[in-house]
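Trainee: File work.cif below, mmCIF, C-alpha atoms:
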data_protein
loop_
_atom_site.label_atom_id
_atom_site.label_comp_id
_atom_site.auth_asym_id
_atom_site.auth_seq_id
_atom_site.Cartn_x
_atom_site.Cartn_y
_atom_site.Cartn_z
CA LEU E 1 -13.75 2.71 10.34
CA ALA E 2 -15.24 -0.60 11.41
CA ILE E 3 -18.28 -0.21 9.15
CA THR E 4 -16.05 0.73 6.22
CA THR E 5 -13.87 -2.31 6.83
CA VAL E 6 -16.82 -4.70 6.99
CA ILE E 7 -18.37 -3.27 3.83
CA SER E 8 -15.06 -3.33 1.95
CA ILE E 9 -14.52 -6.99 2.88
CA ARG E 10 -17.86 -7.88 1.33
CA VAL E 11 -17.23 -5.79 -1.78
CA VAL E 12 -13.59 -6.51 -2.66
CA GLY E 13 -12.59 -9.47 -0.54
CA ILE E 14 -10.56 -10.21 2.53
CA ILE E 15 -7.10 -10.28 0.97
CA LEU E 16 -7.43 -6.96 -0.83
CA SER E 17 -9.04 -5.30 2.20
CA THR E 18 -6.26 -6.49 4.47
CA ALA E 19 -3.60 -5.42 1.99
CA LEU E 20 -5.11 -1.96 1.63
CA ILE E 21 -5.32 -1.51 5.40
CA VAL E 22 -1.90 -2.87 6.38
CA ALA E 23 0.50 -2.29 3.46
CA PRO E 24 0.18 1.50 3.01
CA ALA E 25 0.47 2.08 6.76
CA ALA E 26 3.50 -0.20 7.08
CA THR E 27 5.10 1.44 4.05
CA ALA E 28 4.50 4.94 5.41
CA LEU E 29 6.00 4.02 8.77
CA GLN E 30 9.18 2.92 6.98
CA LEU E 31 9.47 6.31 5.29
CA VAL E 32 8.54 8.85 7.98
CA LYS E 33 8.95 9.02 11.75
CA ASP E 34 6.15 11.43 12.63
CA PHE E 35 2.79 9.68 13.13
CA ASP E 36 0.75 12.58 11.73
CA ARG E 37 2.80 12.58 8.54
CA ALA E 38 2.59 8.78 8.39
CA ILE E 39 -1.20 9.02 8.21
CA LEU E 40 -1.03 11.43 5.27
CA VAL E 41 1.70 9.44 3.50
CA SER E 42 -0.27 6.24 4.08
CA ALA E 43 -3.34 7.70 2.39
CA ILE E 44 -1.28 8.86 -0.58
CA ILE E 45 0.42 5.46 -0.87
CA GLY E 46 -2.96 3.71 -0.75
CA ILE E 47 -4.32 5.85 -3.57
CA VAL E 48 -1.21 5.45 -5.73
CA VAL E 49 -0.99 1.69 -5.14
CA THR E 50 -4.66 1.22 -6.02
CA GLU E 51 -4.47 3.29 -9.19
CA LEU E 52 -1.23 1.63 -10.32
CA GLY E 53 -2.60 -1.84 -9.53
CA ILE E 54 -5.75 -1.24 -11.54
CA LEU E 55 -3.74 0.15 -14.45
CA LEU E 56 -1.33 -2.80 -14.43
CA SER E 57 -4.16 -5.31 -14.15
CA TYR E 58 -5.76 -3.78 -17.23
CA TYR E 59 -2.57 -3.97 -19.29
CA PHE E 60 -1.56 -7.45 -18.11
CA ASP E 61 -5.16 -8.76 -18.11
CA SER E 62 -4.86 -10.00 -14.54
CA ALA E 63 -7.10 -9.93 -11.49
CA PRO E 64 -7.22 -6.39 -10.04
CA GLY E 65 -7.22 -7.51 -6.40
CA ALA E 66 -4.14 -9.63 -6.77
CA THR E 67 -2.34 -6.96 -8.79
CA ILE E 68 -3.10 -4.25 -6.24
CA THR E 69 -1.86 -6.53 -3.47
CA MET E 70 1.37 -7.24 -5.36
CA VAL E 71 1.96 -3.52 -6.01
CA ALA E 72 1.34 -2.75 -2.31
CA THR E 73 3.78 -5.48 -1.31
CA ALA E 74 6.37 -4.21 -3.77
CA ALA E 75 5.95 -0.68 -2.40
CA PHE E 76 6.51 -1.96 1.14
CA PHE E 77 9.66 -3.88 0.25
CA SER E 78 10.95 -0.89 -1.73
CA ALA E 79 10.44 1.36 1.30
CA LEU E 80 12.09 -1.23 3.54
CA LEU E 81 15.07 -1.44 1.19
CA TYR E 82 15.24 2.35 1.04
CA ARG E 83 15.27 2.59 4.82
CA ARG E 84 17.87 -0.14 5.31
CA VAL E 85 20.27 0.75 2.48
CA ILE E 86 19.96 4.41 1.58
CA LYS E 87 18.98 6.00 4.91
CA THR E 88 21.69 4.23 6.87
CA GLN E 89 24.48 5.67 4.72
#
So that I can check it, write out the structure of this file as structure tokens.
Mentor:
Amino acid sequence: LAITTVISIRVVGIILSTALIVAPAATALQLVKDFDRAILVSAIIGIVVTELGILLSYYFDSAPGATITMVATAAFFSALLYRRVIKTQ
């Protein structure tokens, strides 16, 4: 994991690497309580966020790293809103 992190920082940058490490995990922990499921959900969220960010950056002609980070942040706040509003009812 450490080697992958160091290589990814050199390839895609510090902000995108940090966003792809932290945001999917934080989002998954908002949605599920079991740690084993959180790992699986985190991986799925990371893949979806990356694909959606690249697609949106293509259509809006924006920087892919920033777009992926914004999509990951939006996913986190959506999960947080879901947990606070919908799950508490």
Trainee: Name the residues in contact with Phe76 (chain E) at a cut-off of 12 Å, using all atoms listed in the file, excluding same-chain residues fewer than 2 positions from it; report them as number ranges by chain.
Mentor: E: 19-20, 22-31, 42, 45-46, 49, 69-74, 78-83
Trainee: Using Å and a single decimal, report how far CA of Gly53 (chain E) sits from CA of Ala66 (chain E).
Mentor: 8.4 Å
Trainee: Find, counting all atoms listed in the file, the residue in E:Ile7, E:Ile21, E:Val85, E:Ile15 that gets nearest to Ile47 (chain E).
Mentor: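 Using all atoms listed in the file, the shortest distance to Ile47 (chain E) belongs to E:Ile21.
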Trainee: Looking at E:Ile68, E:Ile14, E:Ala43, E:Val6, which one is nearest to Leu55 (chain E), with distances taken over only C-alpha atoms?
Mentor: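 Smallest separation from Leu55 (chain E) among the options: E:Ile68.
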Trainee: What separation in Å, quoted to one decimal, exists between CA of Lys33 (chain E) and CA of Ile54 (chain E)?
Mentor: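 CA of Ile54 (chain E) lies 29.4 Å from CA of Lys33 (chain E).
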Trainee: Between CA of Arg37 (chain E) and CA of Thr18 (chain E), what is the distance, to one decimal in Å?
Mentor: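 Pair CA of Arg37 (chain E) / CA of Thr18 (chain E) returns 21.5 Å.
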Trainee: Which one is closest to Ser17 (chain E): E:Ile44, E:Leu52, E:Gly65, E:Phe60? Count only C-alpha atoms.
Mentor: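 For Ser17 (chain E), the nearest of the candidates is E:Gly65.
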